[in-house]
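Right, one structure below, let's go through it.
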Amino acid sequence: MGVLRWTEWPRTRDAGLAAARRSARVTVVACAGFYAARYGLGDRTVAIYALFGAVAAGGLSSVPGTPRQRARTLLVVLPLAMALVTLGTWLAVYGWAAALGMLVVGFLVTYSGVGGPKMVGLANGLQLFYILPCFPPYAPSTLGLRLAGLAAGVLLMAAAEVWLWPAPCPGRYEDRLARAGRVAADALHGLAADPPRRSDPASLLEASQALRMSQVPPDERPVSASARDRALSEDAGHMRHLLAQTRQLAESLERGAAPPGPAAQGLLMASAAACEDAARALSGRAPPPTRSWCRAAVRAFESYRVRPREAGTTPPRRCVTVRSPWTSRTRRIWW
């Protein structure tokens with residue numbers, strides 16, 4: 001029982017053993033690069049920069065994404081790391097030049113965090129790439145050896161991200177939006193039925209809370225300045241508003257409110273179809289949805305509201321047929 005408790009304790013502190021995997025990868029790569037260069041090639045400079053290249057890229061940097069995405073990010077940032085090592089090597093001739101360079105590099109690296117979580121995770125590692133060559137001795141003649149060791153450490157770290165105890169793939173924010181869209185579509189279909197089916201307000205609230213940034217792991221948050229992340233953030237706001245309105249309608253029906261009329265049922269059906277199509281598109285199973293359902297339903301609802309009616313007469317009924325472009329679901333809206 002005690003052994004089982006000790007083996008389960010790390011998992012309670014480290015979900016999925018992500019930190020343990022990361023520590024093991026950095027240790028293996030740093031030791032392999034250092035000892036291979038020190039005793040295999042017999043060069044201390046290459047060994048030191050291979051060691052610190054692995055530590056900066058894997059230990060001090062926290063790059064979000066899948067293992068392949070993390071490896072791709074390290075390969076993309078390698079030229080920038082080599083440029084920082086070169087800059088630090090040449091500015092180390094004078095202390096004031098190295099200090100001014102640290103001021104500029106620190107500001108640029110810190111400000112680059114507006115680019116999203118990937119740049120934020122790389123900030124500490126990028127600063128180390130400049131700081132390390134600023135330490136004595138001042139030896140610009142070893143720049144080639146420094147760059148070779150740095151490239152070896154980063155390349156080994158990128159390979160280890162994919163093949164050496166890879167971390168589990170994080171979830172996608174698109175999947176959270178797709179689940180919320182399916183929950184909203186089911187609830188809207190139930191409210192549009194005749195008679196309306198009871199919807200669970202708790203499930204709508206849970207789906208809405210799952211879209212809050214505070215409930216999303218840092219690796220999944222769409223917080224960068226890219227068009228994709230801005231679109232996901234705006235979609236989450238619209239989806240949370242839709243879920244809140246749907247929950248209010250479901251609660252009002254539970255309290256005995258009148259069921260929606262024909263035109264309102266058309267609006268609910270159109271909203272449900274839009275949510276279904278958006279969920280398929282976010283899951284990668286369909287192209288982006290169109291707004292034909294919603295446009296037809298809104299026209300029908302507005303015509304139903306403004307059409308004059310004579311006292312004691314029943315106006316003739318009109319009909320419009322709307323069809324989802326990606327599914328076989330159709331609906332005739334009468335008013």
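Residue numbering restarts at 1 in every chain; chains get A, B, ... in the order shown in the structure tokens, and ligands count up from 1 in that same order.
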
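Near A:Gly106, within a cut-off of 12 Å and counting only C-alpha atoms, sit the residues Leu84, Ala98, Ala99, Leu100, Gly101, Met102, Leu103, Val109, Thr110, Tyr111, Ser112, Gly113, Ala123, Asn124, Gly125, Leu126, Gln127, Leu128, Phe129, Tyr130 and Ile131 of chain A, with same-chain residues fewer than 3 positions away left out.
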
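When the distance limit is 10 Å and only C-alpha atoms are what count, the residues near A:Leu205, minus those fewer than 3 positions from it on the same chain, are Ala180, Asp200, Pro201, Ala202, Ser208, Gln209, Ala210, Arg240, Leu243, Ala244, Thr246 and Arg247 of chain A.
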
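Between atom CA of A:Ser203 and atom CA of A:Ser224 the interatomic distance comes to 29.2 Å.
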
(message) Report, in Å to a single decimal, how far apart atom CA of A:Cys134 and atom CA of A:Leu91 are.
(response) 7.3 Å

(message) Could you list, as a PyMOL selection string, every residue within 8 Å of A:Thr73, counting only C-alpha atoms and ignoring same-chain residues fewer than 4 positions away?
(response) chain A and resi 63+69+77

Atoms to include: N, CA, C and O atoms. Write the selected residues as a short mmCIF file (atom, residue, chain, number, x, y, z; two decimals), in the first residue's frame.
```
data_model
loop_
_atom_site.label_atom_id
_atom_site.label_comp_id
_atom_site.auth_asym_id
_atom_site.auth_seq_id
_atom_site.Cartn_x
_atom_site.Cartn_y
_atom_site.Cartn_z
N VAL A 63 7.48 25.84 -24.54
CA VAL A 63 6.83 26.04 -25.83
C VAL A 63 5.54 25.22 -25.86
O VAL A 63 5.58 24.00 -25.67
N GLN A 69 4.91 20.33 -33.13
CA GLN A 69 4.87 21.79 -33.17
C GLN A 69 5.97 22.40 -32.33
O GLN A 69 6.57 23.42 -32.72
N VAL A 77 13.31 29.03 -34.43
CA VAL A 77 13.98 30.02 -33.60
C VAL A 77 15.49 29.83 -33.57
O VAL A 77 16.21 30.70 -33.04
#
```

(message) For the alpha helix (DSSP H) assignment from backbone DSSP, which residues of stretch 24-257 of chain A qualify? Please present them as a PyMOL selection string.
(response) chain A and resi 24-35+44-54+67-91+95-111+117-134+143-163+173-192+201-209+227-254

Take the residues from that selection and write them out as a compact mmCIF listing (two decimals), in the first residue's frame, keeping C-alpha atoms.
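The resulting file, selection_32.txt, is reproduced below:
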```txt
# COMPACT_ATOMS: atom_id res chain seq x y z
CA ALA A 24 14.28 13.75 -18.29
CA ARG A 25 14.52 15.00 -21.89
CA VAL A 26 16.61 18.03 -20.95
CA THR A 27 18.92 15.94 -18.72
CA VAL A 28 19.55 13.28 -21.36
CA VAL A 29 20.09 15.75 -24.21
CA ALA A 30 22.30 18.11 -22.18
CA CYS A 31 24.50 15.28 -20.88
CA ALA A 32 24.72 13.59 -24.28
CA GLY A 33 25.69 16.81 -26.06
CA PHE A 34 28.20 17.86 -23.41
CA TYR A 35 30.02 14.55 -23.02
CA ARG A 44 35.21 22.51 -24.35
CA THR A 45 33.57 25.42 -26.17
CA VAL A 46 31.33 23.18 -28.26
CA ALA A 47 30.50 21.14 -25.14
CA ILE A 48 29.49 24.19 -23.09
CA TYR A 49 27.28 25.65 -25.81
CA ALA A 50 25.69 22.28 -26.59
CA LEU A 51 24.85 21.98 -22.89
CA PHE A 52 23.40 25.46 -22.54
CA GLY A 53 21.64 25.23 -25.91
CA ALA A 54 19.68 22.21 -24.65
CA PRO A 67 5.57 17.54 -29.82
CA ARG A 68 5.98 18.18 -33.56
CA GLN A 69 4.87 21.79 -33.17
CA ARG A 70 7.36 22.33 -30.35
CA ALA A 71 10.16 20.82 -32.43
CA ARG A 72 9.18 23.01 -35.39
CA THR A 73 9.23 26.10 -33.17
CA LEU A 74 12.74 25.28 -31.94
CA LEU A 75 13.97 24.85 -35.52
CA VAL A 76 12.42 28.17 -36.54
CA VAL A 77 13.98 30.02 -33.60
CA LEU A 78 17.45 28.51 -34.13
CA PRO A 79 18.64 31.28 -36.56
CA LEU A 80 17.52 33.92 -34.05
CA ALA A 81 19.42 32.13 -31.27
CA MET A 82 22.56 32.03 -33.41
CA ALA A 83 22.18 35.75 -34.15
CA LEU A 84 21.93 36.50 -30.41
CA VAL A 85 25.06 34.44 -29.68
CA THR A 86 26.90 36.31 -32.42
CA LEU A 87 25.74 39.66 -31.08
CA GLY A 88 26.75 38.80 -27.53
CA THR A 89 30.16 37.58 -28.67
CA TRP A 90 31.01 40.82 -30.48
CA LEU A 91 29.58 43.18 -27.83
CA GLY A 95 31.22 45.99 -20.50
CA TRP A 96 29.13 49.05 -21.38
CA ALA A 97 28.45 47.68 -24.89
CA ALA A 98 27.30 44.35 -23.46
CA ALA A 99 25.08 46.17 -20.94
CA LEU A 100 23.44 48.31 -23.62
CA GLY A 101 22.96 45.22 -25.76
CA MET A 102 21.32 43.45 -22.81
CA LEU A 103 18.97 46.41 -22.40
CA VAL A 104 17.91 46.28 -26.05
CA VAL A 105 17.70 42.49 -26.24
CA GLY A 106 15.80 42.25 -22.97
CA PHE A 107 13.26 44.82 -24.11
CA LEU A 108 12.77 43.21 -27.53
CA VAL A 109 12.48 39.69 -26.13
CA THR A 110 10.03 40.81 -23.44
CA TYR A 111 7.94 42.86 -25.87
CA PRO A 117 2.27 31.98 -25.69
CA LYS A 118 5.00 30.58 -27.95
CA MET A 119 7.06 33.75 -27.78
CA VAL A 120 6.38 34.12 -24.04
CA GLY A 121 7.64 30.59 -23.44
CA LEU A 122 10.81 31.25 -25.44
CA ALA A 123 11.65 34.58 -23.76
CA ASN A 124 13.91 33.20 -21.01
CA GLY A 125 15.76 30.92 -23.37
CA LEU A 126 16.35 33.68 -25.91
CA GLN A 127 17.85 35.94 -23.24
CA LEU A 128 20.26 33.19 -22.19
CA PHE A 129 21.50 32.90 -25.77
CA TYR A 130 22.71 36.50 -25.51
CA ILE A 131 23.89 36.43 -21.88
CA LEU A 132 26.08 33.33 -22.18
CA PRO A 133 28.59 34.69 -24.76
CA CYS A 134 28.89 37.96 -22.80
CA LEU A 143 32.38 32.09 -32.62
CA GLY A 144 32.17 29.22 -35.11
CA LEU A 145 32.61 26.65 -32.34
CA ARG A 146 30.00 28.40 -30.21
CA LEU A 147 27.46 28.36 -33.03
CA ALA A 148 28.22 24.70 -33.78
CA GLY A 149 27.63 23.73 -30.16
CA LEU A 150 24.47 25.82 -29.96
CA ALA A 151 23.07 24.27 -33.15
CA ALA A 152 23.88 20.76 -31.89
CA GLY A 153 22.11 21.35 -28.57
CA VAL A 154 18.97 22.88 -30.12
CA LEU A 155 18.74 20.22 -32.85
CA LEU A 156 19.11 17.42 -30.30
CA MET A 157 16.44 19.07 -28.15
CA ALA A 158 14.07 19.34 -31.13
CA ALA A 159 14.57 15.65 -31.93
CA ALA A 160 14.01 14.70 -28.29
CA GLU A 161 10.71 16.62 -28.23
CA VAL A 162 9.36 14.21 -30.86
CA TRP A 163 11.00 10.89 -30.06
CA TYR A 173 -9.59 25.45 -28.17
CA GLU A 174 -11.48 24.68 -31.40
CA ASP A 175 -12.64 21.42 -29.83
CA ARG A 176 -14.04 23.29 -26.83
CA LEU A 177 -15.94 25.60 -29.17
CA ALA A 178 -17.22 22.63 -31.17
CA ARG A 179 -18.51 20.90 -28.01
CA ALA A 180 -20.24 24.10 -26.93
CA GLY A 181 -21.81 24.40 -30.39
CA ARG A 182 -23.18 20.86 -30.22
CA VAL A 183 -24.61 21.46 -26.74
CA ALA A 184 -26.27 24.68 -27.93
CA ALA A 185 -27.64 22.96 -31.06
CA ASP A 186 -29.22 20.14 -29.02
CA ALA A 187 -30.82 22.62 -26.63
CA LEU A 188 -32.13 24.82 -29.45
CA HIS A 189 -33.62 21.83 -31.29
CA GLY A 190 -35.43 20.86 -28.10
CA LEU A 191 -36.78 24.38 -27.59
CA ALA A 192 -37.97 24.53 -31.21
CA PRO A 201 -29.66 24.59 -18.04
CA ALA A 202 -26.74 23.13 -16.07
CA SER A 203 -25.20 21.62 -19.22
CA LEU A 204 -25.47 24.97 -21.00
CA LEU A 205 -23.78 26.72 -18.07
CA GLU A 206 -21.03 24.09 -17.96
CA ALA A 207 -20.35 24.46 -21.70
CA SER A 208 -20.18 28.24 -21.27
CA GLN A 209 -17.79 28.04 -18.32
CA ALA A 227 -6.00 36.54 -36.88
CA ARG A 228 -6.76 32.93 -35.94
CA ASP A 229 -6.57 33.52 -32.19
CA ARG A 230 -8.55 36.76 -32.42
CA ALA A 231 -11.27 34.93 -34.36
CA LEU A 232 -11.39 32.11 -31.79
CA SER A 233 -11.61 34.61 -28.94
CA GLU A 234 -14.47 36.50 -30.62
CA ASP A 235 -16.26 33.23 -31.44
CA ALA A 236 -16.00 32.22 -27.79
CA GLY A 237 -17.64 35.49 -26.73
CA HIS A 238 -20.52 35.01 -29.20
CA MET A 239 -20.95 31.37 -28.18
CA ARG A 240 -21.07 32.22 -24.47
CA HIS A 241 -23.72 34.87 -25.17
CA LEU A 242 -25.75 32.36 -27.20
CA LEU A 243 -25.50 29.75 -24.44
CA ALA A 244 -26.62 32.31 -21.84
CA GLN A 245 -29.64 33.35 -23.92
CA THR A 246 -30.55 29.72 -24.57
CA ARG A 247 -30.30 28.94 -20.87
CA GLN A 248 -32.58 31.87 -20.00
CA LEU A 249 -35.15 30.67 -22.54
CA ALA A 250 -35.02 27.12 -21.16
CA GLU A 251 -35.46 28.39 -17.60
CA SER A 252 -38.40 30.59 -18.62
CA LEU A 253 -40.15 27.61 -20.22
CA GLU A 254 -39.62 25.61 -17.04
```

(message) Quick check, in Å to one decimal: how far apart do atom CA of A:Arg21 and atom CA of A:Cys169 lie?
(response)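 Going from atom CA of A:Arg21 over to atom CA of A:Cys169, I get 12.9 Å.
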
(message) Counting only C-alpha atoms, which residue out of A:Pro289, A:Pro136, A:Arg197, A:Pro259 sits closest to A:Ala92?
(response) A:Pro136

(request) Between A:Gln265, A:Tyr39, A:Ser62, A:Arg299, single out the one closest to A:Pro195, counting only C-alpha atoms. (result) A:Gln265
